[in-house]
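Asks: Input protein.cif, format and content: mmCIF, C-alpha atoms; chains and numbers go by the auth columns.
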data_target
loop_
_atom_site.group_PDB
_atom_site.id
_atom_site.type_symbol
_atom_site.label_atom_id
_atom_site.label_comp_id
_atom_site.label_asym_id
_atom_site.label_seq_id
_atom_site.Cartn_x
_atom_site.Cartn_y
_atom_site.Cartn_z
_atom_site.B_iso_or_equiv
_atom_site.auth_seq_id
_atom_site.auth_asym_id
ATOM 1 C CA MET A 1 143.727 125.162 88.431 0.00 1 A
ATOM 2 C CA GLY A 2 146.736 124.991 90.725 0.00 2 A
ATOM 3 C CA ASN A 3 149.571 126.976 89.179 0.00 3 A
ATOM 4 C CA THR A 4 147.995 127.104 85.729 0.00 4 A
ATOM 5 C CA PRO A 5 146.881 130.300 84.010 0.00 5 A
ATOM 6 C CA GLY A 6 143.167 130.730 84.729 0.00 6 A
ATOM 7 C CA GLY A 7 140.317 131.228 82.321 0.00 7 A
ATOM 8 C CA GLU A 8 138.912 127.853 81.228 0.00 8 A
ATOM 9 C CA GLU A 9 136.625 127.510 84.224 0.00 9 A
ATOM 10 C CA GLU A 10 135.110 130.932 83.626 0.00 10 A
ATOM 11 C CA SER A 11 134.904 130.520 79.845 0.00 11 A
ATOM 12 C CA LEU A 12 132.783 127.394 80.208 0.00 12 A
ATOM 13 C CA SER A 13 130.053 129.294 82.040 0.00 13 A
ATOM 14 C CA ALA A 14 129.020 131.248 78.931 0.00 14 A
ATOM 15 C CA GLY A 15 125.852 130.636 76.932 0.00 15 A
ATOM 16 C CA PRO A 16 125.168 128.012 74.249 0.00 16 A
ATOM 17 C CA VAL A 17 128.146 127.261 72.005 0.00 17 A
ATOM 18 C CA CYS A 18 127.605 126.445 68.333 0.00 18 A
ATOM 19 C CA ARG A 19 128.970 122.938 67.881 0.00 19 A
ATOM 20 C CA ASP A 20 127.992 119.417 66.919 0.00 20 A
ATOM 21 C CA MET A 21 126.741 117.107 69.683 0.00 21 A
ATOM 22 C CA SER A 22 126.268 113.460 70.497 0.00 22 A
ATOM 23 C CA ALA A 23 122.822 112.073 71.270 0.00 23 A
ATOM 24 C CA TYR A 24 123.848 111.926 74.924 0.00 24 A
ATOM 25 C CA GLN A 25 124.802 115.606 74.970 0.00 25 A
ATOM 26 C CA LEU A 26 121.530 116.482 73.272 0.00 26 A
ATOM 27 C CA SER A 27 119.599 114.539 75.920 0.00 27 A
ATOM 28 C CA LEU A 28 121.133 116.717 78.649 0.00 28 A
ATOM 29 C CA HIS A 29 119.157 119.635 77.252 0.00 29 A
ATOM 30 C CA ASP A 30 115.722 118.060 77.604 0.00 30 A
ATOM 31 C CA GLY A 31 114.403 120.618 80.087 0.00 31 A
ATOM 32 C CA ARG A 32 113.873 118.094 82.859 0.00 32 A
ATOM 33 C CA GLY A 33 116.427 119.546 85.251 0.00 33 A
ATOM 34 C CA GLU A 34 116.979 116.725 87.726 0.00 34 A
ATOM 35 C CA GLY A 35 120.134 118.376 89.033 0.00 35 A
ATOM 36 C CA LYS A 36 121.622 118.924 85.584 0.00 36 A
ATOM 37 C CA LYS A 37 123.520 122.136 84.973 0.00 37 A
ATOM 38 C CA GLN A 38 122.527 122.240 81.291 0.00 38 A
ATOM 39 C CA LYS A 39 119.414 124.392 81.529 0.00 39 A
ATOM 40 C CA ASP A 40 118.956 125.148 77.836 0.00 40 A
ATOM 41 C CA TYR A 41 116.204 123.546 75.745 0.00 41 A
ATOM 42 C CA TYR A 42 117.296 121.987 72.443 0.00 42 A
ATOM 43 C CA VAL A 43 115.238 120.508 69.608 0.00 43 A
ATOM 44 C CA CYS A 44 116.844 118.296 66.948 0.00 44 A
ATOM 45 C CA LEU A 45 115.151 117.994 63.556 0.00 45 A
ATOM 46 C CA ASN A 46 116.608 115.698 60.908 0.00 46 A
ATOM 47 C CA GLY A 47 119.922 115.832 62.757 0.00 47 A
ATOM 48 C CA GLU A 48 120.084 119.639 63.047 0.00 48 A
ATOM 49 C CA ILE A 49 120.088 121.070 66.572 0.00 49 A
ATOM 50 C CA PHE A 50 118.247 124.275 67.498 0.00 50 A
ATOM 51 C CA ASP A 51 118.209 126.285 70.723 0.00 51 A
ATOM 52 C CA VAL A 52 114.570 126.951 71.692 0.00 52 A
ATOM 53 C CA THR A 53 115.301 128.147 75.232 0.00 53 A
ATOM 54 C CA LYS A 54 113.681 131.515 74.537 0.00 54 A
ATOM 55 C CA ASP A 55 110.317 129.700 74.519 0.00 55 A
ATOM 56 C CA LYS A 56 110.962 128.072 77.908 0.00 56 A
ATOM 57 C CA GLU A 57 107.936 129.574 79.644 0.00 57 A
ATOM 58 C CA GLU A 58 105.594 128.445 76.870 0.00 58 A
ATOM 59 C CA ILE A 59 107.130 124.952 76.878 0.00 59 A
ATOM 60 C CA GLU A 60 106.758 124.636 80.647 0.00 60 A
ATOM 61 C CA LYS A 61 103.189 125.930 80.586 0.00 61 A
ATOM 62 C CA GLU A 62 102.194 123.365 77.949 0.00 62 A
ATOM 63 C CA PHE A 63 104.014 120.606 79.827 0.00 63 A
ATOM 64 C CA SER A 64 102.307 121.454 83.144 0.00 64 A
ATOM 65 C CA SER A 65 98.900 121.453 81.492 0.00 65 A
ATOM 66 C CA LYS A 66 99.556 118.111 79.790 0.00 66 A
ATOM 67 C CA ALA A 67 100.934 116.578 82.983 0.00 67 A
ATOM 68 C CA SER A 68 97.811 117.556 84.905 0.00 68 A
ATOM 69 C CA VAL A 69 95.543 115.896 82.331 0.00 69 A
ATOM 70 C CA GLU A 70 97.649 112.722 82.230 0.00 70 A
ATOM 71 C CA ALA A 71 97.649 112.550 86.032 0.00 71 A
ATOM 72 C CA GLU A 72 93.852 112.486 86.044 0.00 72 A
ATOM 73 C CA VAL A 73 93.782 109.793 83.350 0.00 73 A
ATOM 74 C CA VAL A 74 96.199 107.391 85.029 0.00 74 A
ATOM 75 C CA GLU A 75 95.154 108.002 88.631 0.00 75 A
ATOM 76 C CA GLY A 76 94.323 104.662 90.235 0.00 76 A
ATOM 77 C CA SER A 77 95.137 102.723 87.075 0.00 77 A
ATOM 78 C CA GLU A 78 98.130 100.997 85.482 0.00 78 A
ATOM 79 C CA GLU A 79 100.660 103.024 83.488 0.00 79 A
ATOM 80 C CA ILE A 80 99.467 103.533 79.938 0.00 80 A
ATOM 81 C CA GLU A 81 101.544 101.479 77.510 0.00 81 A
ATOM 82 C CA GLY A 82 103.559 103.569 75.058 0.00 82 A
ATOM 83 C CA VAL A 83 103.187 106.811 77.001 0.00 83 A
ATOM 84 C CA GLU A 84 106.578 108.309 77.734 0.00 84 A
ATOM 85 C CA LYS A 85 106.279 110.429 80.850 0.00 85 A
ATOM 86 C CA ALA A 86 108.007 113.765 81.513 0.00 86 A
ATOM 87 C CA VAL A 87 108.812 114.469 77.853 0.00 87 A
ATOM 88 C CA LYS A 88 108.553 118.136 76.950 0.00 88 A
ATOM 89 C CA PHE A 89 107.709 119.368 73.471 0.00 89 A
ATOM 90 C CA HIS A 90 108.173 122.431 71.291 0.00 90 A
ATOM 91 C CA ARG A 91 105.752 122.791 68.391 0.00 91 A
ATOM 92 C CA GLY A 92 105.097 119.081 68.777 0.00 92 A
ATOM 93 C CA HIS A 93 108.780 118.097 68.648 0.00 93 A
ATOM 94 C CA PRO A 94 110.398 116.364 71.672 0.00 94 A
ATOM 95 C CA ILE A 95 112.965 118.362 73.622 0.00 95 A
ATOM 96 C CA GLY A 96 116.397 116.750 73.903 0.00 96 A
ATOM 97 C CA LYS A 97 115.754 114.141 71.207 0.00 97 A
ATOM 98 C CA ASN A 98 116.244 113.864 67.466 0.00 98 A
ATOM 99 C CA GLU A 99 113.175 113.653 65.262 0.00 99 A
ATOM 100 C CA SER A 100 113.637 112.430 61.708 0.00 100 A
ATOM 101 C CA GLU A 101 111.481 112.855 58.606 0.00 101 A
ATOM 102 C CA VAL A 102 110.511 116.400 59.562 0.00 102 A
ATOM 103 C CA THR A 103 109.278 118.452 56.605 0.00 103 A
ATOM 104 C CA GLU A 104 111.613 120.925 54.919 0.00 104 A
ATOM 105 C CA GLU A 105 109.131 123.705 55.664 0.00 105 A
ATOM 106 C CA GLU A 106 109.249 122.989 59.398 0.00 106 A
ATOM 107 C CA VAL A 107 113.047 122.893 59.448 0.00 107 A
ATOM 108 C CA ALA A 108 113.115 126.168 57.508 0.00 108 A
ATOM 109 C CA TYR A 109 110.844 127.723 60.143 0.00 109 A
ATOM 110 C CA TYR A 110 113.322 126.785 62.874 0.00 110 A
ATOM 111 C CA LYS A 111 116.274 128.088 60.871 0.00 111 A
ATOM 112 C CA GLU A 112 114.512 131.406 60.476 0.00 112 A
ATOM 113 C CA ASN A 113 113.413 131.775 64.095 0.00 113 A
ATOM 114 C CA TYR A 114 115.923 129.887 66.256 0.00 114 A
ATOM 115 C CA LYS A 115 119.669 129.543 66.626 0.00 115 A
ATOM 116 C CA LEU A 116 121.137 126.578 64.750 0.00 116 A
ATOM 117 C CA LEU A 117 123.806 125.136 67.043 0.00 117 A
ATOM 118 C CA GLY A 118 125.149 122.258 64.966 0.00 118 A
ATOM 119 C CA ASN A 119 124.511 118.689 63.878 0.00 119 A
ATOM 120 C CA LEU A 120 123.918 115.414 65.670 0.00 120 A
ATOM 121 C CA ILE A 121 126.914 113.089 65.385 0.00 121 A
ATOM 122 C CA GLU A 122 127.490 109.401 65.958 0.00 122 A
ATOM 123 C CA THR A 123 129.976 108.544 68.689 0.00 123 A
ATOM 124 C CA LYS A 124 132.916 106.181 68.211 0.00 124 A
ATOM 125 C CA GLU A 125 135.076 104.031 70.458 0.00 125 A
ATOM 126 C CA PHE A 126 138.742 104.945 70.961 0.00 126 A
ATOM 127 C CA THR A 127 141.750 103.399 72.608 0.00 127 A
ATOM 128 C CA LEU A 128 144.154 105.623 74.488 0.00 128 A
ATOM 129 C CA ASP A 129 146.734 105.134 71.739 0.00 129 A
ATOM 130 C CA GLN A 130 144.214 106.372 69.198 0.00 130 A
ATOM 131 C CA ILE A 131 143.573 109.684 70.966 0.00 131 A
ATOM 132 C CA LYS A 132 147.262 110.382 71.740 0.00 132 A
ATOM 133 C CA PRO A 133 148.057 111.937 68.332 0.00 133 A
ATOM 134 C CA PHE A 134 145.221 114.440 68.766 0.00 134 A
ATOM 135 C CA ASN A 135 147.299 116.792 70.873 0.00 135 A
ATOM 136 C CA GLY A 136 147.432 119.963 68.792 0.00 136 A
ATOM 137 C CA VAL A 137 150.962 119.158 67.655 0.00 137 A
ATOM 138 C CA ASP A 138 150.841 115.897 65.711 0.00 138 A
ATOM 139 C CA ASN A 139 147.279 116.757 64.680 0.00 139 A
ATOM 140 C CA ASP A 140 145.406 120.058 64.589 0.00 140 A
ATOM 141 C CA LYS A 141 142.535 118.548 66.552 0.00 141 A
ATOM 142 C CA ILE A 142 142.761 118.133 70.327 0.00 142 A
ATOM 143 C CA TYR A 143 141.076 115.288 72.192 0.00 143 A
ATOM 144 C CA LEU A 144 141.023 114.421 75.876 0.00 144 A
ATOM 145 C CA SER A 145 139.260 111.780 77.922 0.00 145 A
ATOM 146 C CA ALA A 146 137.730 111.509 81.395 0.00 146 A
ATOM 147 C CA ARG A 147 135.391 108.925 82.967 0.00 147 A
ATOM 148 C CA GLY A 148 135.460 106.891 79.779 0.00 148 A
ATOM 149 C CA LEU A 149 134.229 109.816 77.648 0.00 149 A
ATOM 150 C CA VAL A 150 136.251 111.319 74.800 0.00 150 A
ATOM 151 C CA PHE A 151 135.830 115.010 73.985 0.00 151 A
ATOM 152 C CA ASP A 152 137.046 117.069 71.058 0.00 152 A
ATOM 153 C CA VAL A 153 138.278 120.217 72.816 0.00 153 A
ATOM 154 C CA THR A 154 139.762 121.863 69.727 0.00 154 A
ATOM 155 C CA LEU A 155 137.509 124.883 70.343 0.00 155 A
ATOM 156 C CA GLY A 156 139.573 125.414 73.493 0.00 156 A
ATOM 157 C CA VAL A 157 142.913 125.624 71.663 0.00 157 A
ATOM 158 C CA ASP A 158 143.750 128.707 73.721 0.00 158 A
ATOM 159 C CA PHE A 159 143.739 126.439 76.780 0.00 159 A
ATOM 160 C CA TYR A 160 144.771 123.020 75.433 0.00 160 A
ATOM 161 C CA GLY A 161 146.961 123.985 72.474 0.00 161 A
ATOM 162 C CA PRO A 162 150.784 123.902 72.396 0.00 162 A
ATOM 163 C CA ASP A 163 152.444 126.036 75.085 0.00 163 A
ATOM 164 C CA ARG A 164 149.083 126.672 76.753 0.00 164 A
ATOM 165 C CA GLY A 165 148.208 126.072 80.383 0.00 165 A
ATOM 166 C CA TYR A 166 146.313 122.798 79.933 0.00 166 A
ATOM 167 C CA HIS A 167 148.284 121.336 77.026 0.00 167 A
ATOM 168 C CA ILE A 168 149.475 118.556 79.330 0.00 168 A
ATOM 169 C CA PHE A 169 145.934 117.092 79.044 0.00 169 A
ATOM 170 C CA ALA A 170 145.881 117.040 75.229 0.00 170 A
ATOM 171 C CA GLY A 171 145.628 113.521 73.813 0.00 171 A
ATOM 172 C CA ARG A 172 145.389 112.063 77.304 0.00 172 A
ATOM 173 C CA ASN A 173 143.080 110.479 79.835 0.00 173 A
ATOM 174 C CA ALA A 174 143.060 113.509 82.124 0.00 174 A
ATOM 175 C CA GLN A 175 140.498 112.328 84.672 0.00 175 A
ATOM 176 C CA ARG A 176 142.770 112.056 87.717 0.00 176 A
ATOM 177 C CA ALA A 177 144.476 115.398 87.110 0.00 177 A
ATOM 178 C CA LEU A 178 141.112 117.117 86.658 0.00 178 A
ATOM 179 C CA ALA A 179 139.723 115.534 89.816 0.00 179 A
ATOM 180 C CA LEU A 180 142.754 116.614 91.844 0.00 180 A
ATOM 181 C CA VAL A 181 142.989 120.038 90.180 0.00 181 A
ATOM 182 C CA SER A 182 146.574 119.182 89.286 0.00 182 A
ATOM 183 C CA LEU A 183 149.045 119.884 86.502 0.00 183 A
ATOM 184 C CA LYS A 184 151.579 117.385 87.808 0.00 184 A
ATOM 185 C CA ILE A 185 152.779 114.907 85.202 0.00 185 A
ATOM 186 C CA GLU A 186 152.385 112.021 87.644 0.00 186 A
ATOM 187 C CA ASP A 187 148.661 112.789 87.952 0.00 187 A
ATOM 188 C CA VAL A 188 148.315 112.612 84.177 0.00 188 A
ATOM 189 C CA GLU A 189 150.328 109.413 83.769 0.00 189 A
ATOM 190 C CA ASN A 190 148.370 107.752 86.594 0.00 190 A
ATOM 191 C CA THR A 191 144.683 107.823 85.621 0.00 191 A
ATOM 192 C CA SER A 192 143.301 105.864 88.583 0.00 192 A
ATOM 193 C CA LEU A 193 140.408 107.345 90.559 0.00 193 A
ATOM 194 C CA GLU A 194 140.428 104.666 93.246 0.00 194 A
ATOM 195 C CA ASP A 195 141.970 106.906 95.915 0.00 195 A
ATOM 196 C CA VAL A 196 140.175 110.111 94.900 0.00 196 A
ATOM 197 C CA ASP A 197 137.804 111.292 97.647 0.00 197 A
ATOM 198 C CA SER A 198 134.226 112.519 97.201 0.00 198 A
ATOM 199 C CA THR A 199 135.358 116.117 96.809 0.00 199 A
ATOM 200 C CA GLY A 200 137.660 115.172 93.959 0.00 200 A
ATOM 201 C CA GLN A 201 134.980 113.009 92.362 0.00 201 A
ATOM 202 C CA GLY A 202 132.595 115.956 92.462 0.00 202 A
ATOM 203 C CA THR A 203 135.225 118.230 90.958 0.00 203 A
ATOM 204 C CA LEU A 204 135.680 115.794 88.081 0.00 204 A
ATOM 205 C CA ASP A 205 131.919 115.625 87.553 0.00 205 A
ATOM 206 C CA ASP A 206 131.844 119.430 87.359 0.00 206 A
ATOM 207 C CA TRP A 207 134.578 119.437 84.710 0.00 207 A
ATOM 208 C CA ILE A 208 132.753 116.852 82.616 0.00 208 A
ATOM 209 C CA ASP A 209 129.529 118.817 82.957 0.00 209 A
ATOM 210 C CA LYS A 210 131.349 121.894 81.672 0.00 210 A
ATOM 211 C CA TYR A 211 132.864 119.948 78.786 0.00 211 A
ATOM 212 C CA HIS A 212 129.391 118.835 77.770 0.00 212 A
ATOM 213 C CA SER A 213 128.380 122.506 77.753 0.00 213 A
ATOM 214 C CA LYS A 214 131.170 123.674 75.459 0.00 214 A
ATOM 215 C CA TYR A 215 132.875 120.860 73.588 0.00 215 A
ATOM 216 C CA ILE A 216 131.936 117.877 71.428 0.00 216 A
ATOM 217 C CA HIS A 217 131.445 114.452 72.961 0.00 217 A
ATOM 218 C CA ILE A 218 132.826 112.294 70.142 0.00 218 A
ATOM 219 C CA GLY A 219 133.020 108.876 71.760 0.00 219 A
ATOM 220 C CA TYR A 220 134.094 106.509 74.498 0.00 220 A
ATOM 221 C CA LEU A 221 137.459 105.283 75.707 0.00 221 A
ATOM 222 C CA LYS A 222 138.125 101.548 75.560 0.00 222 A
ATOM 223 C CA GLU A 223 140.322 99.772 78.055 0.00 223 A
ATOM 224 C CA GLU A 224 143.345 97.887 76.774 0.00 224 A
ATOM 225 C CA ASN A 225 141.308 94.672 76.696 0.00 225 A
ATOM 226 C CA GLY A 226 138.911 96.310 74.239 0.00 226 A
ATOM 227 C CA LYS A 227 136.097 96.780 76.743 0.00 227 A
ATOM 228 C CA LYS A 228 134.392 100.181 76.701 0.00 228 A
ATOM 229 C CA GLU A 229 134.770 102.082 79.938 0.00 229 A
ATOM 230 C CA GLU A 230 131.394 103.001 81.379 0.00 230 A
ATOM 231 C CA ASP A 231 130.181 106.561 81.623 0.00 231 A
ATOM 232 C CA GLY A 232 129.015 106.849 85.228 0.00 232 A
ATOM 233 C CA ILE A 233 129.020 109.509 87.904 0.00 233 A
ATOM 234 C CA LYS A 234 131.363 107.486 90.066 0.00 234 A
ATOM 235 C CA THR A 235 132.933 105.117 87.544 0.00 235 A
ATOM 236 C CA THR A 236 136.492 104.212 88.501 0.00 236 A
ATOM 237 C CA THR A 237 138.989 103.566 85.721 0.00 237 A
ATOM 238 C CA SER A 238 142.696 102.961 85.663 0.00 238 A
ATOM 239 C CA GLY A 239 145.477 102.924 83.133 0.00 239 A
ATOM 240 C CA THR A 240 148.665 104.653 82.105 0.00 240 A
ATOM 241 C CA ALA A 241 149.090 107.558 79.712 0.00 241 A
ATOM 242 C CA LYS A 242 152.749 107.776 78.808 0.00 242 A
ATOM 243 C CA GLU A 243 154.223 111.153 77.939 0.00 243 A
ATOM 244 C CA GLN A 244 154.440 111.618 74.215 0.00 244 A
#
Step by step, read the file and then write its structure as structure tokens.

Replies:
Amino acid sequence: MGNTPGGEEESLSAGPVCRDMSAYQLSLHDGRGEGKKQKDYYVCLNGEIFDVTKDKEEIEKEFSSKASVEAEVVEGSEEIEGVEKAVKFHRGHPIGKNESEVTEEEVAYYKENYKLLGNLIETKEFTLDQIKPFNGVDNDKIYLSARGLVFDVTLGVDFYGPDRGYHIFAGRNAQRALALVSLKIEDVENTSLEDVDSTGQGTLDDWIDKYHSKYIHIGYLKEENGKKEEDGIKTTTSGTAKEQ
């Protein structure tokens, strides 16, 4: 990124990272594709998240067979009430969703045969002032925000920690700087995306996609008026992040 030491971009392309996730992050791993870069298949049982990607072919085969049957049933008729289309399953459990009240025996089976990635967490709402202390200096944890999302990037302390290449983003709304591939302080203090072109918007989307692949989505950033900023592909936000 500009004149920064490299590494973060490449590190984010690795396989599944053991970490907690939000329900939104979990939903990105539902096996539907639809242009998503998260290609892994995750099952969540009683709040515990497992990587079942190794059974991808079996999951897809079962899904294709089920889809063919359902297509015959609904052909020329109204959509069947209560039938959720395009949901894939693993041993009867929905991919990319949490299922509660699963038996201890079933959870034990998954723990024995699949990688336990982490737990499902509830997201919170933050103001910019509330995430500022989480900069690796005033607090051991490191948060950053972009497009109204707040991520815990503490796992990336080698990139965002004190005296590291991306520390300027720690405790900040870094969306403009990420979009512009910039380490300039003015692009961190000015968070507006209004004048960022489509290339920059796409770059920001790529960064957020990578953050979802490696870090923990812990919540949403609220504007100064208390309104939650929307999480959208082309959401435009503005504000000021003063240097700490």

Asks: Which distance in Å separates CA of Ile121 in chain A and CA of Ala170 in chain A, to one decimal?

Replies: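 These atoms are spaced 21.7 Å apart.
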
Asks: Between A:Leu116, A:Leu149, A:Cys44, A:Val52, which is the closest to His212 in chain A once you count only C-alpha atoms?

Replies: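 Smallest separation from His212 in chain A among the options: A:Leu149.
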
Asks: Please, which residues in range 141-168 of chain A fall within 10 Å of range 124-128 of chain A when counting only C-alpha atoms, and what is the closest atom pair and distance in Å to one decimal for each, ordered by chain then residue number, as a tab-separated table?

Replies:
residue	atom	partner	partner_atom	distance
A:Leu144	CA	A:Leu128	CA	9.4
A:Ser145	CA	A:Leu128	CA	8.6
A:Gly148	CA	A:Phe126	CA	9.6
A:Leu149	CA	A:Glu125	CA	9.3
A:Val150	CA	A:Phe126	CA	7.8

Asks: Can you tell me, as a ChimeraX atom specification, what residues are no more than 12 Å from Gly200 in chain A when counting all atoms listed in the file, ignoring any on the same chain fewer than 6 positions away?

Replies: /A:175-182,193-194,206-207,233-234

Asks: Could you please determine the separation between CA of Arg91 in chain A and CA of Lys214 in chain A in Å, to one decimal place?

Replies: 26.4 Å

Asks: Once the PyMOL selection byres ((chain A and resi 183) around 10) is applied to the coordinates I shared, what remains selected? I want it as a PyMOL selection string.

Replies: chain A and resi 1-4+165-169+174+177-178+180-182+184-188

Asks: Name every residue that the PyMOL selection byres ((chain A and resi 151) around 6) selects in this structure, writing the answer as a PDB file with C-alpha atoms, keeping the file's coordinate frame with chains first and numbers rising.

Replies:
ATOM      1  CA  TYR A 143     141.076 115.288  72.192  1.00  0.00           C
ATOM      2  CA  LEU A 144     141.023 114.421  75.876  1.00  0.00           C
ATOM      3  CA  VAL A 150     136.251 111.319  74.800  1.00  0.00           C
ATOM      4  CA  ASP A 152     137.046 117.069  71.058  1.00  0.00           C
ATOM      5  CA  VAL A 153     138.278 120.217  72.816  1.00  0.00           C
ATOM      6  CA  ILE A 216     131.936 117.877  71.428  1.00  0.00           C
ATOM      7  CA  HIS A 217     131.445 114.452  72.961  1.00  0.00           C
ATOM      8  CA  ILE A 218     132.826 112.294  70.142  1.00  0.00           C
TER       9      ILE A 218
END

Asks: Counting all atoms listed in the file, figure out which residue out of A:His93, A:Lys39, A:Lys115, A:Arg172 gets nearest to Pro133 in chain A.

Replies: A:Arg172

Asks: Identify the residues within 12 Å of coordinate (118.4, 115.3, 78.4) (same frame as the file), considering only C-alpha atoms, and give the answer as a PyMOL selection string.

Replies: chain A and resi 22-44+86-88+94-98+212

Asks: With all atoms listed in the file as the atoms that count, which of A:Glu105, A:Leu221, A:Lys61, A:Lys56 lies nearest to Lys132 in chain A?

Replies: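 Smallest separation from Lys132 in chain A among the options: A:Leu221.
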
Asks: How many Å separate CA of Asn135 in chain A from CA of Tyr215 in chain A?

Replies: 15.2 Å

Asks: Have range 125-145 of chain A completed to N, CA and C atoms, please, and pass it along as a PDB file, in the frame of the given file.

Replies:
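To be explicit, this is the file written out as part21.pdb:
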ATOM      1  N   GLU A 125     134.278 104.545  69.359  1.00  0.00           N
ATOM      2  CA  GLU A 125     135.076 104.031  70.458  1.00  0.00           C
ATOM      3  C   GLU A 125     136.551 104.246  70.121  1.00  0.00           C
ATOM      4  N   PHE A 126     137.325 104.667  71.135  1.00  0.00           N
ATOM      5  CA  PHE A 126     138.742 104.945  70.961  1.00  0.00           C
ATOM      6  C   PHE A 126     139.567 104.189  71.996  1.00  0.00           C
ATOM      7  N   THR A 127     140.775 103.851  71.627  1.00  0.00           N
ATOM      8  CA  THR A 127     141.750 103.399  72.608  1.00  0.00           C
ATOM      9  C   THR A 127     142.574 104.613  72.996  1.00  0.00           C
ATOM     10  N   LEU A 128     143.313 104.505  74.073  1.00  0.00           N
ATOM     11  CA  LEU A 128     144.154 105.623  74.488  1.00  0.00           C
ATOM     12  C   LEU A 128     145.203 105.947  73.427  1.00  0.00           C
ATOM     13  N   ASP A 129     145.746 104.913  72.799  1.00  0.00           N
ATOM     14  CA  ASP A 129     146.734 105.134  71.739  1.00  0.00           C
ATOM     15  C   ASP A 129     146.138 105.897  70.565  1.00  0.00           C
ATOM     16  N   GLN A 130     144.858 105.700  70.323  1.00  0.00           N
ATOM     17  CA  GLN A 130     144.214 106.372  69.198  1.00  0.00           C
ATOM     18  C   GLN A 130     143.977 107.853  69.455  1.00  0.00           C
ATOM     19  N   ILE A 131     143.797 108.250  70.707  1.00  0.00           N
ATOM     20  CA  ILE A 131     143.573 109.684  70.966  1.00  0.00           C
ATOM     21  C   ILE A 131     144.884 110.439  71.190  1.00  0.00           C
ATOM     22  N   LYS A 132     145.981 109.725  71.456  1.00  0.00           N
ATOM     23  CA  LYS A 132     147.262 110.382  71.740  1.00  0.00           C
ATOM     24  C   LYS A 132     147.724 111.351  70.653  1.00  0.00           C
ATOM     25  N   PRO A 133     147.586 110.999  69.363  1.00  0.00           N
ATOM     26  CA  PRO A 133     148.057 111.937  68.332  1.00  0.00           C
ATOM     27  C   PRO A 133     147.260 113.231  68.253  1.00  0.00           C
ATOM     28  N   PHE A 134     146.066 113.246  68.839  1.00  0.00           N
ATOM     29  CA  PHE A 134     145.221 114.440  68.766  1.00  0.00           C
ATOM     30  C   PHE A 134     145.574 115.383  69.923  1.00  0.00           C
ATOM     31  N   ASN A 135     146.751 115.980  69.786  1.00  0.00           N
ATOM     32  CA  ASN A 135     147.299 116.792  70.873  1.00  0.00           C
ATOM     33  C   ASN A 135     147.603 118.225  70.458  1.00  0.00           C
ATOM     34  N   GLY A 136     147.174 118.605  69.254  1.00  0.00           N
ATOM     35  CA  GLY A 136     147.432 119.963  68.792  1.00  0.00           C
ATOM     36  C   GLY A 136     148.800 120.142  68.191  1.00  0.00           C
ATOM     37  N   VAL A 137     149.615 119.102  68.229  1.00  0.00           N
ATOM     38  CA  VAL A 137     150.962 119.158  67.655  1.00  0.00           C
ATOM     39  C   VAL A 137     151.055 118.191  66.482  1.00  0.00           C
ATOM     40  N   ASP A 138     150.827 116.914  66.765  1.00  0.00           N
ATOM     41  CA  ASP A 138     150.841 115.897  65.711  1.00  0.00           C
ATOM     42  C   ASP A 138     149.588 115.973  64.855  1.00  0.00           C
ATOM     43  N   ASN A 139     148.546 116.591  65.383  1.00  0.00           N
ATOM     44  CA  ASN A 139     147.279 116.757  64.680  1.00  0.00           C
ATOM     45  C   ASN A 139     146.670 118.071  65.132  1.00  0.00           C
ATOM     46  N   ASP A 140     146.007 118.770  64.223  1.00  0.00           N
ATOM     47  CA  ASP A 140     145.406 120.058  64.589  1.00  0.00           C
ATOM     48  C   ASP A 140     144.286 119.908  65.609  1.00  0.00           C
ATOM     49  N   LYS A 141     143.610 118.777  65.593  1.00  0.00           N
ATOM     50  CA  LYS A 141     142.535 118.548  66.552  1.00  0.00           C
ATOM     51  C   LYS A 141     143.107 118.148  67.913  1.00  0.00           C
ATOM     52  N   ILE A 142     142.329 118.437  68.965  1.00  0.00           N
ATOM     53  CA  ILE A 142     142.761 118.133  70.327  1.00  0.00           C
ATOM     54  C   ILE A 142     141.660 117.342  71.026  1.00  0.00           C
ATOM     55  N   TYR A 143     142.011 116.139  71.458  1.00  0.00           N
ATOM     56  CA  TYR A 143     141.076 115.288  72.192  1.00  0.00           C
ATOM     57  C   TYR A 143     141.574 115.105  73.615  1.00  0.00           C
ATOM     58  N   LEU A 144     140.660 114.873  74.533  1.00  0.00           N
ATOM     59  CA  LEU A 144     141.023 114.421  75.876  1.00  0.00           C
ATOM     60  C   LEU A 144     139.907 113.530  76.384  1.00  0.00           C
ATOM     61  N   SER A 145     140.235 112.727  77.385  1.00  0.00           N
ATOM     62  CA  SER A 145     139.260 111.780  77.922  1.00  0.00           C
ATOM     63  C   SER A 145     139.151 111.916  79.432  1.00  0.00           C
TER      64      SER A 145
END
